[in-house]
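Trainee: Here it is, the structure in full.
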Amino acid sequence: MSGLSVGRQKPTLDTVAAEAGVSRATVSRVINGSPRVSPEVKTAVETAITRLGYVPNRAARSLAMRRTDSIALVMREPDATVLADPYLGNIIIATSQALVGTGVQLVLVNAQNDAEHSRLADYVRSGHVDGVLLASMHDDDPLPRLLLEAGIPTVVGGRPQRHLPGLSYVDVDNVGGAQMATEHLLASGRRRIATIAGPQDMTAGADRLGGYRRALADAGRKADRVAYGDFTRESGEQAMAALLSRHPDLDGVFAANDLMAVGALRALRAAGRTVPDDVAVVGYDDIEMARHTEPPLTTIHQPIIDQARTMTELLLTQIGGDPVGDPVVLPTELVERGSA
């Protein structure tokens, strides 16, 4: 007699998993059409389902496939930094705009430490959002790994310092942009060029310092006039004062973001240096404030709107079942104004 005999216990996910030699979670992924299963495993599970006569629980499957129609945008910065940083503000606005007409809501989360990230991972794994965008990521951030291991669609803004197979990201050409800024200072006749570098546990900070060093090395010059900030205006002002104390003869400065460049302009004025006659200054980001400094700030334009839009599109395609796309690196360009 074929099929199940009367009184025989109906097969479950566990019996299908045992028959196919895979985990219960893998069986669930095959049933729900997840792309994160190899063709060989998919065939083995489907064969076991047919052989055992397993019929998925429709109610359970419907629950498993239910979407929240919301995604989380996660930042790891102090609240004051998120509110004051135009780059992060533009990321939030551009992401919201990219979701218009999609029926997907944006949930903003600011997780400042590992404990908060662990709670956030539990929140996401519990099915409260369909996917996660990570912005302003630091090197010691555990979230990308936690989310990948949980099978949560995730896209990162910026190249992670540690390579994680299967992690999608959208970056800008930070090395090339910083090199362009420094080469502009060299081309304008500056020879003693310093930099205010960003945090080195963020790829944006490390890559922009690398671009500065590459430009000076190509020109046969030392890249030893370096001070560090944290991408805030106050840190740029402090770093500029320290550079003037150590290198009073400097005649050019590349700041790794516009906020630090604004701080540098203030420190230069306080020291009696004119810009650009005594010291030329170039920033990075091209935020709205850069147009209104005195003098207006020469800077590197990075396509923040395009970055946020691309991140959002990649995440929505992952949520829809498409495989993880290749990393995207967007170009930068120099915007010349009065400071250099």
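Going through the structure tokens in order, the chains are called A, B, and so on, while each chain numbers its residues from 1 and the ligands are numbered from 1 in the order shown.
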Please tabulate, as a tab-separated table, the residues of stretch 114-189 of chain A that come within 12 Å of stretch 255-258 of chain A, each with its closest pair of atoms and the distance in Å to one decimal, counting only C-alpha atoms and ordering rows by chain, then residue number upward.
Mentor:
```
residue	atom	partner	partner_atom	distance
A:Asn174	CA	A:Ala256	CA	9.4
A:Val175	CA	A:Ala256	CA	10.8
A:Gly177	CA	A:Ala256	CA	9.8
A:Ala178	CA	A:Ala256	CA	7.6
A:Gln179	CA	A:Ala256	CA	11.1
A:Ala181	CA	A:Ala255	CA	9.2
A:Thr182	CA	A:Ala255	CA	9.8
A:Leu185	CA	A:Ala255	CA	11.8
```
Trainee: Could you please take those selected residues and save N, CA and C atoms as an mmCIF file, in the first residue's frame?
Mentor:
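Ended up saving to again-v9.cif:
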```cif
data_model
loop_
_atom_site.group_PDB
_atom_site.id
_atom_site.type_symbol
_atom_site.label_atom_id
_atom_site.label_comp_id
_atom_site.auth_asym_id
_atom_site.auth_seq_id
_atom_site.Cartn_x
_atom_site.Cartn_y
_atom_site.Cartn_z
ATOM 1 N N ASN A 174 36.748 56.766 -1.621
ATOM 2 C CA ASN A 174 37.373 57.627 -0.614
ATOM 3 C C ASN A 174 38.859 57.835 -0.870
ATOM 4 N N VAL A 175 39.554 56.786 -1.299
ATOM 5 C CA VAL A 175 40.985 56.931 -1.599
ATOM 6 C C VAL A 175 41.176 57.910 -2.753
ATOM 7 N N GLY A 177 39.103 60.183 -3.897
ATOM 8 C CA GLY A 177 38.672 61.532 -3.568
ATOM 9 C C GLY A 177 39.703 62.287 -2.753
ATOM 10 N N ALA A 178 40.286 61.627 -1.751
ATOM 11 C CA ALA A 178 41.319 62.268 -0.927
ATOM 12 C C ALA A 178 42.567 62.552 -1.749
ATOM 13 N N GLN A 179 42.914 61.640 -2.640
ATOM 14 C CA GLN A 179 44.058 61.870 -3.514
ATOM 15 C C GLN A 179 43.806 63.087 -4.414
ATOM 16 N N ALA A 181 41.893 65.655 -3.756
ATOM 17 C CA ALA A 181 41.960 66.859 -2.934
ATOM 18 C C ALA A 181 43.405 67.287 -2.701
ATOM 19 N N THR A 182 44.251 66.319 -2.377
ATOM 20 C CA THR A 182 45.660 66.627 -2.095
ATOM 21 C C THR A 182 46.391 67.056 -3.357
ATOM 22 N N LEU A 185 45.724 70.651 -4.036
ATOM 23 C CA LEU A 185 46.574 71.533 -3.231
ATOM 24 C C LEU A 185 47.988 71.619 -3.820
#
```
Trainee: I need the residues of stretch 85-196 of chain A that end up classed as helix (DSSP H, G or I) by DSSP on the backbone, written out as a PDB file with C-alpha atoms, in the first residue's frame.
Mentor:
```pdb
ATOM      1  CA  PRO A  86      24.817  66.648   7.800  1.00  0.00           C
ATOM      2  CA  TYR A  87      26.126  63.475   6.120  1.00  0.00           C
ATOM      3  CA  LEU A  88      24.048  61.237   8.387  1.00  0.00           C
ATOM      4  CA  GLY A  89      21.084  63.566   8.062  1.00  0.00           C
ATOM      5  CA  ASN A  90      21.263  63.343   4.283  1.00  0.00           C
ATOM      6  CA  ILE A  91      21.466  59.544   4.456  1.00  0.00           C
ATOM      7  CA  ILE A  92      18.248  59.492   6.512  1.00  0.00           C
ATOM      8  CA  ILE A  93      16.437  61.876   4.159  1.00  0.00           C
ATOM      9  CA  ALA A  94      17.602  60.116   0.978  1.00  0.00           C
ATOM     10  CA  THR A  95      16.655  56.693   2.323  1.00  0.00           C
ATOM     11  CA  SER A  96      13.183  57.942   3.224  1.00  0.00           C
ATOM     12  CA  GLN A  97      12.800  59.413  -0.261  1.00  0.00           C
ATOM     13  CA  ALA A  98      13.917  56.151  -1.879  1.00  0.00           C
ATOM     14  CA  ASP A 114      27.816  46.255  21.704  1.00  0.00           C
ATOM     15  CA  ALA A 115      25.066  45.671  24.263  1.00  0.00           C
ATOM     16  CA  GLU A 116      22.625  47.768  22.247  1.00  0.00           C
ATOM     17  CA  HIS A 117      23.715  45.986  19.070  1.00  0.00           C
ATOM     18  CA  SER A 118      23.031  42.614  20.674  1.00  0.00           C
ATOM     19  CA  ARG A 119      19.528  43.755  21.629  1.00  0.00           C
ATOM     20  CA  LEU A 120      19.015  45.123  18.134  1.00  0.00           C
ATOM     21  CA  ALA A 121      20.091  41.805  16.603  1.00  0.00           C
ATOM     22  CA  ASP A 122      17.514  40.015  18.769  1.00  0.00           C
ATOM     23  CA  TYR A 123      14.880  42.554  17.705  1.00  0.00           C
ATOM     24  CA  VAL A 124      15.639  42.004  14.008  1.00  0.00           C
ATOM     25  CA  ARG A 125      15.810  38.215  14.333  1.00  0.00           C
ATOM     26  CA  LEU A 143      26.168  43.641  13.787  1.00  0.00           C
ATOM     27  CA  PRO A 144      27.113  42.666  10.204  1.00  0.00           C
ATOM     28  CA  ARG A 145      28.237  39.210  11.289  1.00  0.00           C
ATOM     29  CA  LEU A 146      25.225  38.715  13.579  1.00  0.00           C
ATOM     30  CA  LEU A 147      22.806  39.710  10.844  1.00  0.00           C
ATOM     31  CA  LEU A 148      24.478  37.556   8.196  1.00  0.00           C
ATOM     32  CA  GLU A 149      24.432  34.536  10.476  1.00  0.00           C
ATOM     33  CA  ASN A 174      37.373  57.627  -0.614  1.00  0.00           C
ATOM     34  CA  VAL A 175      40.985  56.931  -1.599  1.00  0.00           C
ATOM     35  CA  GLY A 176      40.552  58.565  -4.997  1.00  0.00           C
ATOM     36  CA  GLY A 177      38.672  61.532  -3.568  1.00  0.00           C
ATOM     37  CA  ALA A 178      41.319  62.268  -0.927  1.00  0.00           C
ATOM     38  CA  GLN A 179      44.058  61.870  -3.514  1.00  0.00           C
ATOM     39  CA  MET A 180      42.221  64.333  -5.775  1.00  0.00           C
ATOM     40  CA  ALA A 181      41.960  66.859  -2.934  1.00  0.00           C
ATOM     41  CA  THR A 182      45.660  66.627  -2.095  1.00  0.00           C
ATOM     42  CA  GLU A 183      46.691  66.799  -5.743  1.00  0.00           C
ATOM     43  CA  HIS A 184      44.610  69.969  -6.088  1.00  0.00           C
ATOM     44  CA  LEU A 185      46.574  71.533  -3.231  1.00  0.00           C
ATOM     45  CA  LEU A 186      49.843  70.480  -4.880  1.00  0.00           C
ATOM     46  CA  ALA A 187      48.720  71.883  -8.234  1.00  0.00           C
TER      47      ALA A 187
END
```
Trainee: Could you go through stretch 50-279 of chain A and tell me which residues DSSP, when run on the backbone, assigns to strand (DSSP E or B), listing them as an mmCIF file with N, CA and C atoms, in the first residue's frame?
Mentor:
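File out.cif, as written:
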```cif
data_model
loop_
_atom_site.group_PDB
_atom_site.id
_atom_site.type_symbol
_atom_site.label_atom_id
_atom_site.label_comp_id
_atom_site.auth_asym_id
_atom_site.auth_seq_id
_atom_site.Cartn_x
_atom_site.Cartn_y
_atom_site.Cartn_z
ATOM 1 N N SER A 70 8.769 46.987 6.609
ATOM 2 C CA SER A 70 9.600 48.014 7.231
ATOM 3 C C SER A 70 11.052 47.555 7.218
ATOM 4 N N ILE A 71 11.959 48.519 7.141
ATOM 5 C CA ILE A 71 13.388 48.235 7.220
ATOM 6 C C ILE A 71 14.001 49.157 8.264
ATOM 7 N N ALA A 72 15.124 48.731 8.830
ATOM 8 C CA ALA A 72 15.807 49.521 9.852
ATOM 9 C C ALA A 72 17.041 50.182 9.256
ATOM 10 N N LEU A 73 17.229 51.443 9.567
ATOM 11 C CA LEU A 73 18.463 52.167 9.266
ATOM 12 C C LEU A 73 19.194 52.353 10.581
ATOM 13 N N VAL A 74 20.352 51.705 10.702
ATOM 14 C CA VAL A 74 21.071 51.655 11.977
ATOM 15 C C VAL A 74 22.341 52.486 11.888
ATOM 16 N N MET A 75 22.563 53.328 12.898
ATOM 17 C CA MET A 75 23.786 54.121 12.988
ATOM 18 C C MET A 75 24.428 53.883 14.343
ATOM 19 N N GLN A 105 8.167 51.120 5.278
ATOM 20 C CA GLN A 105 8.438 52.156 6.270
ATOM 21 C C GLN A 105 9.885 52.074 6.764
ATOM 22 N N LEU A 106 10.409 53.218 7.189
ATOM 23 C CA LEU A 106 11.781 53.284 7.689
ATOM 24 C C LEU A 106 11.776 53.400 9.206
ATOM 25 N N VAL A 107 12.542 52.527 9.859
ATOM 26 C CA VAL A 107 12.719 52.562 11.307
ATOM 27 C C VAL A 107 14.143 53.022 11.595
ATOM 28 N N LEU A 108 14.305 54.117 12.326
ATOM 29 C CA LEU A 108 15.625 54.652 12.653
ATOM 30 C C LEU A 108 16.079 54.092 13.994
ATOM 31 N N VAL A 109 17.304 53.563 14.014
ATOM 32 C CA VAL A 109 17.855 52.981 15.234
ATOM 33 C C VAL A 109 19.267 53.514 15.424
ATOM 34 N N ASN A 110 19.568 54.021 16.618
ATOM 35 C CA ASN A 110 20.920 54.460 16.932
ATOM 36 C C ASN A 110 21.460 53.559 18.037
ATOM 37 N N GLY A 131 14.621 43.893 6.794
ATOM 38 C CA GLY A 131 16.019 44.018 6.436
ATOM 39 C C GLY A 131 16.644 45.204 7.139
ATOM 40 N N VAL A 132 17.973 45.343 6.979
ATOM 41 C CA VAL A 132 18.715 46.364 7.731
ATOM 42 C C VAL A 132 19.703 47.087 6.821
ATOM 43 N N LEU A 133 19.725 48.410 6.943
ATOM 44 C CA LEU A 133 20.769 49.246 6.364
ATOM 45 C C LEU A 133 21.684 49.688 7.502
ATOM 46 N N LEU A 134 22.987 49.519 7.334
ATOM 47 C CA LEU A 134 23.956 49.936 8.353
ATOM 48 C C LEU A 134 24.740 51.133 7.839
ATOM 49 N N ALA A 135 24.715 52.223 8.589
ATOM 50 C CA ALA A 135 25.465 53.419 8.228
ATOM 51 C C ALA A 135 26.426 53.772 9.355
ATOM 52 N N THR A 154 20.865 42.465 4.495
ATOM 53 C CA THR A 154 21.632 43.569 5.087
ATOM 54 C C THR A 154 22.473 44.244 4.011
ATOM 55 N N VAL A 155 22.516 45.566 4.033
ATOM 56 C CA VAL A 155 23.385 46.341 3.147
ATOM 57 C C VAL A 155 24.102 47.388 3.998
ATOM 58 N N VAL A 156 25.404 47.529 3.778
ATOM 59 C CA VAL A 156 26.232 48.447 4.556
ATOM 60 C C VAL A 156 26.590 49.672 3.720
ATOM 61 N N GLY A 157 26.545 50.834 4.338
ATOM 62 C CA GLY A 157 27.036 52.047 3.721
ATOM 63 C C GLY A 157 28.517 52.198 4.026
ATOM 64 N N SER A 168 26.603 42.733 1.375
ATOM 65 C CA SER A 168 26.511 43.737 0.322
ATOM 66 C C SER A 168 26.835 45.118 0.887
ATOM 67 N N TYR A 169 27.544 45.945 0.098
ATOM 68 C CA TYR A 169 27.830 47.303 0.562
ATOM 69 C C TYR A 169 27.892 48.279 -0.601
ATOM 70 N N VAL A 170 27.681 49.550 -0.280
ATOM 71 C CA VAL A 170 27.796 50.636 -1.244
ATOM 72 C C VAL A 170 28.754 51.662 -0.658
ATOM 73 N N ASP A 171 29.864 51.886 -1.348
ATOM 74 C CA ASP A 171 30.901 52.797 -0.866
ATOM 75 C C ASP A 171 31.085 53.915 -1.877
ATOM 76 N N VAL A 172 31.877 54.909 -1.506
ATOM 77 C CA VAL A 172 32.344 55.919 -2.452
ATOM 78 C C VAL A 172 33.860 55.790 -2.544
ATOM 79 N N ILE A 193 51.839 70.332 3.025
ATOM 80 C CA ILE A 193 50.413 70.006 3.131
ATOM 81 C C ILE A 193 50.157 69.054 4.296
ATOM 82 N N ALA A 194 49.262 69.451 5.153
ATOM 83 C CA ALA A 194 48.871 68.622 6.295
ATOM 84 C C ALA A 194 47.498 68.012 6.037
ATOM 85 N N THR A 195 47.113 67.084 6.895
ATOM 86 C CA THR A 195 45.758 66.541 6.828
ATOM 87 C C THR A 195 45.168 66.399 8.222
ATOM 88 N N ILE A 196 43.881 66.609 8.315
ATOM 89 C CA ILE A 196 43.111 66.267 9.515
ATOM 90 C C ILE A 196 42.357 64.991 9.168
ATOM 91 N N ALA A 197 42.859 63.878 9.655
ATOM 92 C CA ALA A 197 42.309 62.569 9.297
ATOM 93 C C ALA A 197 41.119 62.230 10.189
ATOM 94 N N VAL A 226 50.179 65.096 10.113
ATOM 95 C CA VAL A 226 48.890 64.428 10.309
ATOM 96 C C VAL A 226 48.384 64.661 11.728
ATOM 97 N N ALA A 227 47.132 65.054 11.833
ATOM 98 C CA ALA A 227 46.423 65.100 13.112
ATOM 99 C C ALA A 227 45.082 64.396 12.907
ATOM 100 N N TYR A 228 44.482 63.953 14.008
ATOM 101 C CA TYR A 228 43.285 63.120 13.898
ATOM 102 C C TYR A 228 42.091 63.784 14.580
ATOM 103 N N GLY A 252 48.947 74.199 3.398
ATOM 104 C CA GLY A 252 47.766 73.559 2.839
ATOM 105 C C GLY A 252 47.241 72.497 3.797
ATOM 106 N N VAL A 253 45.925 72.314 3.813
ATOM 107 C CA VAL A 253 45.302 71.317 4.697
ATOM 108 C C VAL A 253 44.186 70.604 3.952
ATOM 109 N N PHE A 254 44.215 69.283 4.000
ATOM 110 C CA PHE A 254 43.081 68.483 3.553
ATOM 111 C C PHE A 254 42.397 67.921 4.789
ATOM 112 N N ALA A 255 41.139 68.287 4.997
ATOM 113 C CA ALA A 255 40.354 67.754 6.113
ATOM 114 C C ALA A 255 39.452 66.645 5.594
#
```
Trainee: Near A:Asp69, within 8 Å and counting only C-alpha atoms, which residues show up once chain neighbours fewer than 6 positions away are dropped, as a compact mmCIF listing (two decimals) with N, CA and C atoms, in the first residue's frame?
Mentor:
```txt
# COMPACT_ATOMS: atom_id res chain seq x y z
N GLY A 103 5.67 51.34 -0.21
CA GLY A 103 4.88 50.78 0.87
C GLY A 103 5.71 50.30 2.04
N VAL A 104 7.01 50.60 2.02
CA VAL A 104 7.93 50.17 3.08
C VAL A 104 8.24 51.35 3.98
N GLN A 105 8.17 51.12 5.28
CA GLN A 105 8.44 52.16 6.27
C GLN A 105 9.89 52.07 6.76
N VAL A 129 11.50 43.71 11.48
CA VAL A 129 11.79 44.39 10.22
C VAL A 129 12.21 43.34 9.19
N ASP A 130 12.12 43.72 7.91
CA ASP A 130 12.46 42.78 6.84
C ASP A 130 13.93 42.81 6.46
```
Trainee: Which one of A:Ala340, A:Val329, A:Met137, A:Leu216 sits closest to A:Gln302 if you count only C-alpha atoms?
Mentor: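 Smallest distance to A:Gln302 is found for A:Val329.
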